[in-house]
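Listing of data.txt; format and content: compact mmCIF, C-alpha atoms.
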```txt
# COMPACT_ATOMS: atom_id res chain seq x y z
CA MET Z 293 -11.25 16.47 -21.08
CA LYS Z 294 -8.85 15.45 -18.33
CA ASN Z 295 -7.51 18.00 -15.88
CA LYS Z 296 -3.76 18.56 -15.78
CA VAL Z 297 -2.35 17.36 -12.48
CA VAL Z 298 -0.08 19.71 -10.55
CA ILE Z 299 2.32 18.37 -7.91
CA ALA Z 300 1.44 20.91 -5.26
CA GLY Z 301 3.58 19.70 -2.38
CA VAL Z 302 5.88 16.88 -1.30
CA GLY Z 303 7.31 15.77 2.00
CA MET Z 304 8.93 12.87 3.79
CA VAL Z 305 10.74 11.91 6.98
CA PRO Z 306 14.27 10.48 7.16
CA PHE Z 307 14.18 6.71 6.76
CA LYS Z 308 15.39 4.65 9.73
CA LYS Z 309 16.44 1.11 10.52
CA PRO Z 310 13.74 -1.07 12.15
CA GLY Z 311 13.36 -0.24 15.81
CA GLN Z 312 14.81 3.27 15.46
CA SER Z 313 11.84 5.15 14.03
CA GLU Z 314 8.74 6.74 15.46
CA SER Z 315 5.50 4.79 15.13
CA TYR Z 316 3.90 4.55 11.68
CA ASP Z 317 1.09 6.98 12.50
CA VAL Z 318 3.48 9.68 13.74
CA MET Z 319 5.72 9.28 10.69
CA GLY Z 320 2.74 9.35 8.34
CA ALA Z 321 1.30 12.46 9.97
CA THR Z 322 4.65 14.25 9.83
CA ALA Z 323 5.15 13.44 6.16
CA ALA Z 324 1.62 14.66 5.33
CA ARG Z 325 2.17 17.90 7.25
CA ASN Z 326 5.45 18.42 5.42
CA ALA Z 327 3.73 18.01 2.06
CA LEU Z 328 0.93 20.40 3.03
CA THR Z 329 3.44 22.97 4.28
CA ASP Z 330 5.35 22.61 1.02
CA ALA Z 331 2.12 23.25 -0.89
CA GLY Z 332 1.24 26.16 1.38
CA ILE Z 333 -2.28 24.94 2.12
CA ASP Z 334 -4.27 23.69 5.08
CA TYR Z 335 -5.50 20.10 5.34
CA LYS Z 336 -9.06 21.47 5.34
CA LEU Z 337 -8.70 22.13 1.61
CA VAL Z 338 -7.92 18.47 0.85
CA GLU Z 339 -10.98 16.60 -0.45
CA GLN Z 340 -9.75 12.99 -0.55
CA ALA Z 341 -6.85 11.04 0.94
CA TYR Z 342 -5.16 7.78 -0.01
CA ALA Z 343 -2.86 5.92 2.39
CA GLY Z 344 -0.44 3.23 1.23
CA TYR Z 345 1.07 0.64 3.58
CA VAL Z 346 1.58 -3.13 3.86
CA TYR Z 347 2.42 -4.06 7.45
CA GLY Z 348 -0.50 -2.55 9.33
CA ASP Z 349 -4.07 -3.14 10.37
CA SER Z 350 -6.99 -1.81 8.37
CA CYS Z 351 -7.65 1.94 8.59
CA SER Z 352 -4.06 2.76 9.56
CA GLY Z 353 -4.42 5.69 7.15
CA GLN Z 354 -7.02 7.22 9.43
CA ALA Z 355 -4.75 6.73 12.46
CA ALA Z 356 -2.05 8.76 10.70
CA LEU Z 357 -4.15 11.45 9.04
CA TYR Z 358 -6.44 12.06 12.03
CA GLN Z 359 -3.35 13.58 13.65
CA VAL Z 360 -3.30 16.12 10.81
CA GLY Z 361 -7.03 16.83 10.84
CA ILE Z 362 -10.39 15.15 11.29
CA THR Z 363 -12.40 16.75 8.52
CA GLY Z 364 -14.74 13.99 7.36
CA ILE Z 365 -13.08 13.43 3.98
CA PRO Z 366 -12.92 9.87 2.63
CA ILE Z 367 -9.63 8.14 3.41
CA TYR Z 368 -8.85 5.11 1.27
CA ASN Z 369 -6.33 2.54 2.51
CA VAL Z 370 -4.22 0.87 -0.18
CA ASN Z 371 -2.09 -2.30 0.04
CA ASN Z 372 -0.30 -3.24 -3.19
CA ASN Z 373 2.92 -4.66 -1.78
CA CYS Z 374 6.03 -2.56 -2.57
CA ALA Z 375 3.97 -0.38 -4.94
CA SER Z 376 1.48 0.69 -2.26
CA GLY Z 377 2.69 4.31 -2.20
CA SER Z 378 2.57 4.60 -5.98
CA SER Z 379 -0.91 3.06 -5.94
CA ALA Z 380 -2.07 5.71 -3.46
CA PHE Z 381 -0.56 8.41 -5.68
CA ALA Z 382 -2.17 6.99 -8.83
CA LEU Z 383 -5.60 7.03 -7.19
CA ALA Z 384 -5.15 10.60 -5.97
CA VAL Z 385 -4.13 11.59 -9.51
CA GLN Z 386 -7.14 9.81 -10.96
CA ALA Z 387 -9.48 11.71 -8.67
CA VAL Z 388 -8.04 15.09 -9.70
CA GLU Z 389 -7.59 14.23 -13.37
CA GLY Z 390 -11.20 13.09 -13.68
CA GLY Z 391 -12.60 16.12 -11.86
CA THR Z 392 -13.95 14.22 -8.85
CA VAL Z 393 -11.93 16.52 -6.57
CA ASP Z 394 -9.69 19.54 -6.98
CA CYS Z 395 -7.14 18.49 -4.36
CA ALA Z 396 -6.07 15.14 -2.91
CA ILE Z 397 -3.26 13.82 -0.76
CA ALA Z 398 -1.39 10.52 -0.91
CA VAL Z 399 0.58 9.36 2.11
CA GLY Z 400 2.63 6.21 2.51
CA PHE Z 401 4.29 4.78 5.59
CA GLU Z 402 5.78 1.59 6.95
CA GLU Z 403 7.09 0.43 10.32
CA MET Z 404 8.99 -2.73 9.47
CA SER Z 405 10.83 -5.52 11.29
CA PRO Z 406 14.42 -6.59 10.56
CA GLY Z 407 15.22 -9.53 8.30
CA ALA Z 408 14.05 -10.85 4.94
CA ILE Z 409 10.42 -10.14 4.06
CA ASP Z 410 8.25 -13.25 4.36
CA LEU Z 411 4.54 -14.05 4.35
CA VAL Z 412 2.50 -12.57 7.21
CA PHE Z 413 -0.33 -15.10 6.88
CA PRO Z 414 1.42 -18.38 5.95
CA ALA Z 415 -1.73 -20.45 6.63
CA LYS Z 416 -3.62 -18.63 3.87
CA THR Z 417 -3.21 -18.87 0.10
CA SER Z 418 -0.14 -16.83 -0.82
CA PRO Z 419 -0.73 -14.00 -3.30
CA LEU Z 420 2.73 -14.87 -4.64
CA ALA Z 421 1.88 -18.53 -5.18
CA ARG Z 422 1.39 -18.20 -8.94
CA HIS Z 423 4.71 -16.36 -9.27
CA SER Z 424 6.59 -18.80 -7.06
CA GLU Z 425 5.17 -21.79 -8.92
CA SER Z 426 6.02 -20.26 -12.28
CA VAL Z 427 9.62 -19.51 -11.26
CA ALA Z 428 9.96 -23.01 -9.80
CA LYS Z 429 8.65 -24.61 -13.00
CA LEU Z 430 10.69 -22.47 -15.38
CA MET Z 431 13.88 -22.84 -13.34
CA GLY Z 432 13.46 -26.39 -12.00
CA LEU Z 433 13.69 -25.37 -8.34
CA THR Z 434 13.78 -28.01 -5.61
CA ASP Z 435 11.18 -28.28 -2.85
CA ALA Z 436 13.73 -26.90 -0.38
CA GLU Z 437 14.36 -23.85 -2.55
CA GLN Z 438 10.65 -23.19 -2.73
CA GLN Z 439 10.53 -22.95 1.08
CA LEU Z 440 12.84 -19.92 1.12
CA PRO Z 441 11.33 -16.44 1.65
CA PRO Z 442 9.78 -15.56 -1.75
CA ALA Z 443 11.91 -12.47 -2.39
CA VAL Z 444 15.16 -14.30 -1.60
CA CYS Z 445 14.23 -17.19 -3.87
CA MET Z 446 12.96 -15.13 -6.80
CA PHE Z 447 15.64 -12.48 -6.86
CA GLY Z 448 18.40 -15.00 -6.22
CA VAL Z 449 17.21 -16.63 -9.44
CA GLN Z 450 17.06 -13.24 -11.17
CA ALA Z 451 20.67 -12.41 -10.23
CA GLU Z 452 21.87 -15.83 -11.35
CA MET Z 453 20.02 -15.57 -14.65
CA LEU Z 454 21.59 -12.18 -15.35
CA GLN Z 455 25.04 -13.66 -14.89
CA LYS Z 456 24.58 -17.01 -16.64
CA GLU Z 457 22.13 -16.19 -19.42
CA TYR Z 458 22.84 -12.54 -20.16
CA GLY Z 459 26.54 -12.24 -19.32
CA VAL Z 460 26.18 -9.55 -16.66
CA SER Z 461 29.10 -9.93 -14.26
CA GLU Z 462 29.06 -9.82 -10.49
CA LEU Z 463 31.20 -6.71 -10.82
CA ALA Z 464 28.40 -4.91 -12.68
CA LEU Z 465 25.91 -5.99 -10.01
CA ALA Z 466 28.29 -4.68 -7.33
CA LYS Z 467 28.72 -1.37 -9.20
CA ILE Z 468 24.99 -0.73 -8.75
CA ALA Z 469 25.35 -0.94 -4.96
CA ILE Z 470 28.48 1.23 -5.05
CA LYS Z 471 26.63 3.88 -7.06
CA ALA Z 472 23.72 3.80 -4.62
CA ARG Z 473 25.97 4.57 -1.66
CA LYS Z 474 27.85 7.26 -3.58
CA HIS Z 475 24.59 9.04 -4.41
CA ALA Z 476 23.20 8.61 -0.89
CA ALA Z 477 26.24 10.26 0.66
CA HIS Z 478 24.54 13.59 -0.03
CA ASN Z 479 21.03 12.55 1.09
CA PRO Z 480 20.17 13.27 4.76
CA ASN Z 481 17.04 11.10 4.41
CA ALA Z 482 19.02 7.95 3.49
CA ILE Z 483 20.05 5.29 5.99
CA PHE Z 484 23.27 4.02 4.40
CA ARG Z 485 25.61 6.84 3.34
CA ASP Z 486 29.03 5.29 3.84
CA PRO Z 487 30.86 4.17 0.68
CA LEU Z 488 31.12 0.52 -0.33
CA SER Z 489 33.97 -1.20 -2.15
CA GLU Z 490 33.85 -4.08 -4.59
CA GLU Z 491 35.73 -6.18 -2.04
CA GLN Z 492 33.16 -5.55 0.70
CA ILE Z 493 30.31 -6.56 -1.58
CA LEU Z 494 31.83 -9.61 -3.24
CA VAL Z 495 33.60 -11.23 -0.27
CA GLY Z 496 32.54 -14.80 0.57
CA GLN Z 497 29.87 -16.96 -1.01
CA PRO Z 498 26.44 -15.74 -2.21
CA ILE Z 499 23.47 -16.19 0.13
CA TYR Z 500 21.49 -18.07 -2.50
CA ARG Z 501 22.28 -18.62 -6.18
CA GLY Z 502 23.33 -15.20 -7.52
CA LEU Z 503 22.18 -13.19 -4.49
CA ARG Z 504 24.61 -11.53 -2.09
CA LYS Z 505 23.64 -9.60 1.04
CA LEU Z 506 24.68 -6.21 -0.34
CA PHE Z 507 22.83 -6.85 -3.61
CA ALA Z 508 19.60 -6.42 -1.61
CA CYS Z 509 17.87 -3.38 -0.13
CA PRO Z 510 17.19 -3.35 3.63
CA PRO Z 511 13.80 -3.36 5.34
CA SER Z 512 13.29 0.04 6.95
CA CYS Z 513 10.83 2.49 8.44
CA GLY Z 514 9.66 5.79 7.02
CA ALA Z 515 6.93 7.88 5.45
CA ALA Z 516 6.39 10.20 2.49
CA SER Z 517 3.51 12.21 1.10
CA VAL Z 518 2.45 14.07 -2.06
CA VAL Z 519 -0.33 16.64 -2.55
CA VAL Z 520 -1.85 16.87 -6.04
CA CYS Z 521 -4.33 19.40 -7.40
CA SER Z 522 -5.80 20.85 -10.57
CA GLU Z 523 -4.35 23.93 -12.29
CA ALA Z 524 -7.44 25.94 -11.37
CA PHE Z 525 -7.06 25.01 -7.70
CA ALA Z 526 -3.38 25.97 -7.82
CA ARG Z 527 -4.18 29.39 -9.29
CA LYS Z 528 -6.91 30.03 -6.74
CA HIS Z 529 -4.72 29.21 -3.76
CA GLY Z 530 -1.42 30.59 -4.99
CA ILE Z 531 0.25 27.19 -5.36
CA ARG Z 532 3.22 26.85 -7.68
CA SER Z 533 2.16 24.84 -10.70
CA ASP Z 534 5.41 24.38 -12.61
CA ILE Z 535 5.82 20.67 -11.76
CA GLN Z 536 3.20 18.57 -13.49
CA LEU Z 537 2.48 14.92 -14.18
CA ILE Z 538 2.65 14.47 -17.96
CA GLY Z 539 2.50 10.69 -18.35
CA LYS Z 540 1.51 7.59 -16.43
CA GLY Z 541 1.29 3.85 -16.82
CA SER Z 542 0.07 1.14 -14.47
CA CYS Z 543 -0.67 -2.55 -14.89
CA SER Z 544 -0.65 -6.04 -13.40
CA ASP Z 545 0.66 -9.27 -14.93
CA ARG Z 546 -0.40 -10.78 -18.24
CA ALA Z 547 -1.04 -14.53 -18.40
CA GLU Z 548 1.79 -15.09 -20.89
CA TYR Z 549 4.39 -13.84 -18.39
CA PHE Z 550 3.99 -17.03 -16.38
CA GLU Z 551 4.78 -19.32 -19.29
CA GLY Z 552 7.62 -17.45 -20.99
CA ASP Z 553 10.83 -15.81 -19.80
CA VAL Z 554 11.28 -15.96 -16.02
CA MET Z 555 12.42 -12.31 -16.09
CA ASP Z 556 8.88 -11.30 -17.04
CA VAL Z 557 7.56 -12.99 -13.89
CA LEU Z 558 10.08 -10.94 -11.91
CA PHE Z 559 8.96 -7.37 -12.68
CA ARG Z 560 10.31 -6.95 -16.23
CA GLY Z 561 6.94 -7.59 -17.85
CA VAL Z 562 4.91 -5.14 -15.76
CA SER Z 563 7.74 -2.59 -15.79
CA ARG Z 564 8.00 -2.66 -19.59
CA GLU Z 565 4.26 -2.34 -20.09
CA ALA Z 566 3.84 0.47 -17.55
CA ALA Z 567 6.77 2.33 -19.11
CA ASN Z 568 5.38 2.03 -22.64
CA MET Z 569 2.03 3.37 -21.44
CA ALA Z 570 3.71 6.28 -19.66
CA TYR Z 571 5.90 7.22 -22.62
CA GLU Z 572 2.92 7.15 -24.97
CA SER Z 573 0.73 9.28 -22.73
CA ALA Z 574 3.55 11.78 -22.10
CA GLY Z 575 4.64 12.00 -25.72
CA VAL Z 576 8.28 11.46 -24.76
CA GLY Z 577 10.77 8.60 -24.96
CA PRO Z 578 13.66 7.21 -22.92
CA ASP Z 579 16.14 9.69 -24.43
CA ASP Z 580 14.07 12.61 -23.11
CA ILE Z 581 14.43 11.59 -19.45
CA ASP Z 582 17.00 13.47 -17.35
CA VAL Z 583 16.62 11.77 -13.98
CA ILE Z 584 15.04 8.53 -12.76
CA GLU Z 585 14.05 7.04 -9.42
CA LEU Z 586 13.49 3.32 -10.00
CA HIS Z 587 12.75 0.23 -7.93
CA ASP Z 588 16.20 -1.12 -7.05
CA CYS Z 589 15.02 -3.64 -4.46
CA PHE Z 590 17.95 -5.76 -5.69
CA THR Z 591 20.88 -4.71 -7.85
CA SER Z 592 19.75 -7.24 -10.45
CA ASN Z 593 16.32 -5.63 -10.58
CA GLU Z 594 17.85 -2.23 -11.30
CA ILE Z 595 19.67 -3.66 -14.31
CA ILE Z 596 16.55 -5.47 -15.54
CA THR Z 597 14.61 -2.22 -15.19
CA TYR Z 598 17.09 -0.38 -17.43
CA THR Z 599 16.00 -2.66 -20.26
CA ALA Z 600 12.30 -2.45 -19.37
CA LEU Z 601 12.46 1.35 -19.46
CA GLY Z 602 14.25 1.32 -22.80
CA LEU Z 603 17.50 2.84 -21.51
CA CYS Z 604 19.56 0.06 -23.09
CA ASP Z 605 19.24 -3.41 -24.61
CA MET Z 606 19.96 -6.49 -22.51
CA ALA Z 607 23.11 -7.15 -24.51
CA ASP Z 608 24.42 -3.69 -23.60
CA ALA Z 609 23.36 -3.70 -19.93
CA GLU Z 610 26.78 -4.49 -18.45
CA GLN Z 611 28.48 -1.87 -20.59
CA PHE Z 612 25.80 0.67 -19.59
CA VAL Z 613 26.72 0.11 -15.93
CA LEU Z 614 30.50 -0.16 -16.24
CA GLU Z 615 30.68 2.99 -18.38
CA GLY Z 616 28.72 4.97 -15.79
CA GLN Z 617 25.84 5.77 -18.11
CA ASN Z 618 23.53 5.51 -15.04
CA THR Z 619 25.08 8.31 -12.99
CA TYR Z 620 26.20 11.95 -13.16
CA GLY Z 621 27.93 12.65 -16.48
CA GLY Z 622 26.29 9.63 -18.13
CA LYS Z 623 23.18 9.14 -20.23
CA VAL Z 624 20.75 9.53 -17.32
CA VAL Z 625 21.10 9.86 -13.55
CA VAL Z 626 19.45 6.88 -11.87
CA ASN Z 627 18.45 7.05 -8.19
CA PRO Z 628 20.19 10.28 -7.12
CA SER Z 629 18.59 9.69 -3.70
CA GLY Z 630 20.57 6.47 -3.26
CA GLY Z 631 17.51 4.42 -4.13
CA LEU Z 632 16.09 1.59 -2.06
CA LEU Z 633 19.56 0.06 -1.73
CA ALA Z 634 20.90 2.98 0.30
CA LYS Z 635 17.90 5.04 1.29
CA GLY Z 636 15.95 2.04 2.58
CA HIS Z 637 12.66 0.46 1.52
CA PRO Z 638 9.70 1.11 3.84
CA LEU Z 639 7.23 -0.49 1.48
CA GLY Z 640 4.29 1.91 1.66
CA ALA Z 641 6.50 5.01 1.61
CA THR Z 642 8.85 4.06 -1.22
CA GLY Z 643 6.89 5.23 -4.27
CA LEU Z 644 5.99 8.57 -2.71
CA ALA Z 645 9.58 9.12 -1.53
CA GLN Z 646 10.73 8.53 -5.12
CA ILE Z 647 8.29 11.19 -6.34
CA THR Z 648 9.40 13.57 -3.59
CA GLU Z 649 13.03 13.24 -4.70
CA LEU Z 650 12.12 13.85 -8.33
CA VAL Z 651 10.09 16.96 -7.52
CA TRP Z 652 13.07 18.34 -5.59
CA GLN Z 653 15.25 17.58 -8.62
CA LEU Z 654 12.90 19.31 -11.06
CA ARG Z 655 12.65 22.35 -8.80
CA GLY Z 656 16.43 22.55 -8.49
CA ASP Z 657 16.21 21.99 -4.73
CA ALA Z 658 18.25 18.77 -4.42
CA GLY Z 659 21.45 20.35 -3.13
CA GLU Z 660 24.60 18.33 -3.81
CA ARG Z 661 22.46 15.61 -5.45
CA GLN Z 662 21.14 18.04 -8.05
CA VAL Z 663 21.06 16.80 -11.63
CA ALA Z 664 22.04 19.81 -13.69
CA GLY Z 665 19.26 21.12 -15.92
CA ALA Z 666 16.79 18.39 -14.95
CA ARG Z 667 13.47 19.04 -16.67
CA THR Z 668 11.87 15.62 -17.25
CA ALA Z 669 11.84 12.88 -14.61
CA LEU Z 670 10.59 9.29 -14.47
CA GLN Z 671 9.47 7.29 -11.43
CA HIS Z 672 9.26 3.50 -11.53
CA ASN Z 673 7.90 1.33 -8.72
CA GLY Z 674 6.84 -2.31 -8.65
CA GLY Z 675 5.07 -4.56 -6.20
CA LEU Z 676 5.59 -8.31 -6.49
CA GLY Z 677 2.30 -10.03 -6.89
CA SER Z 678 2.25 -7.89 -9.12
CA ALA Z 679 1.74 -4.18 -9.73
CA GLY Z 680 3.78 -1.97 -12.05
CA PHE Z 681 3.79 1.84 -12.05
CA VAL Z 682 5.64 4.45 -14.09
CA HIS Z 683 4.99 8.19 -13.75
CA ILE Z 684 6.64 10.95 -15.79
CA PHE Z 685 6.95 14.49 -14.47
CA GLN Z 686 8.08 17.69 -16.14
CA ARG Z 687 8.96 21.23 -15.13
CA ALA Z 688 6.99 23.74 -17.17
```
Structure re-expressed in structure tokens:
Amino acid sequence: MKNKVVIAGVGMVPFKKPGQSESYDVMGATAARNALTDAGIDYKLVEQAYAGYVYGDSCSGQAALYQVGITGIPIYNVNNNCASGSSAFALAVQAVEGGTVDCAIAVGFEEMSPGAIDLVFPAKTSPLARHSESVAKLMGLTDAEQQLPPAVCMFGVQAEMLQKEYGVSELALAKIAIKARKHAAHNPNAIFRDPLSEEQILVGQPIYRGLRKLFACPPSCGAASVVVCSEAFARKHGIRSDIQLIGKGSCSDRAEYFEGDVMDVLFRGVSREAANMAYESAGVGPDDIDVIELHDCFTSNEIITYTALGLCDMADAEQFVLEGQNTYGGKVVVNPSGGLLAKGHPLGATGLAQITELVWQLRGDAGERQVAGARTALQHNGGLGSAGFVHIFQRA
């Protein structure tokens, strides 16, 4: 029988623009300390640790956590692109759920550089090669287009497809960015809190195909951490146990994604499958979710994710946005933190920051961002290459 997993403590540091943050190890250590303080326990009680990051040398997790304590526990370093933090969390959950340990910590951090994300090792086989080749084949891309940074190329195609094939207007794509800033206005951990107008977003020509600058999230620096434990451990150490993980789903690509609809190459496939797994394991459906933190790396990806999570059909996606069904007073509040678009996207920290926000929401501790009566929350995070994660949390 699997142990129930309690979210014992969460913590993060304010996200910053590249060049304005502390070093990755300091940020990671601070986030871990914040999570431990929130849980009310000492690091000596933690039995395993998982560190998620992308832009760092091997064993960066040790460099961060050794500043919290050097206790001899195993520290596993995880790199799964933008889903690295969620991967670290999933492994910590697995260890507690299976009874390997009673308490584990996941920490994620990233110290990034400005500009579009590109390959770090261009002389080696790209882990995105299969995806790039599939998009190029399905969309008839030129050689020049295929030389663009992978994210720019792929999500430029995604935004264009939404507009041309599914009838989602540029206005709807802009409304996603406007919502992000509006939500982030009340989040001290977000980078971009000033409002945006349609005119600011839609001025001039797109960067590439359907992609505009303000349709994309910025590279940033930051860290977040989550402590998980069993119910028995929580009782023994006086830890609040009212926020629990009730459902989870994780997956990589299926072979058929690369030969079918290009949207399935670009996150929709893994997002849909992870969501279905999470709903089934939790015994809930899309209509039961009160608040969501999802992977809005691009405004187009947020809209695609609505359909993958079952919030609406593709034919109704534009209406869902324009009617405000994705914000306060609508069907479900999506990204009350401001999401990646406004909060920033330090790759290794993102998934754990999403979970941190949702735990604050379920506790009723989100201040002006609070979703009234929030009881069930969903986290969605994807890493191109690919890795899909959905976790569902509930307040007892």
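Of the listed residues Z:Ala679, Z:Val651, Z:Ile397, Z:Ala482, the one whose atoms come nearest to Arg546 of chain Z is Z:Ala679, with distances taken using all atoms listed in the file.
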In file coordinates, which residues lie within 10 Å of (2.1, 26.5, -8.8) using all atoms listed in the file, given as a PyMOL selection string? chain Z and resi 298-301+331+521-536
To one decimal in Å, tell me the separation between atom CA of Phe381 of chain Z and atom CA of Thr619 of chain Z. 26.7 Å
Pick from Z:Val613, Z:Leu465, Z:Ala355, Z:Ala515, whichever lies nearest to Pro306 of chain Z using all atoms listed in the file: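 Selected residue with least distance to Pro306 of chain Z: Z:Ala515.
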Which of Z:Val576, Z:Ala641, Z:Val297, Z:Cys445 sits closest to Tyr316 of chain Z [using all atoms listed in the file]: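 The shortest atom-to-atom distance to Tyr316 of chain Z comes from Z:Ala641.
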Among the residues Z:Phe484, Z:Tyr571, Z:Phe447, Z:Phe507, the one that comes closest to Leu463 of chain Z [using only C-alpha atoms]: Z:Phe507
What does the distance from atom CA of Ile362 of chain Z to atom CA of Ala375 of chain Z come to in Å, to one decimal? 26.7 Å
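If you count all atoms listed in the file and ignore residues fewer than 6 places along the chain from Gln354 of chain Z, what sits within 12 Å of it is Tyr316, Asp317, Val318, Gly320, Ala321, Gln340, Ala341, Tyr342, Ala343, Gly344, Tyr345, Gly348, Val360, Gly361, Ile362, Thr363, Gly364, Ile365, Pro366, Ile367, Tyr368, Asn369, Val370, Val399 and Gly400 of chain Z.
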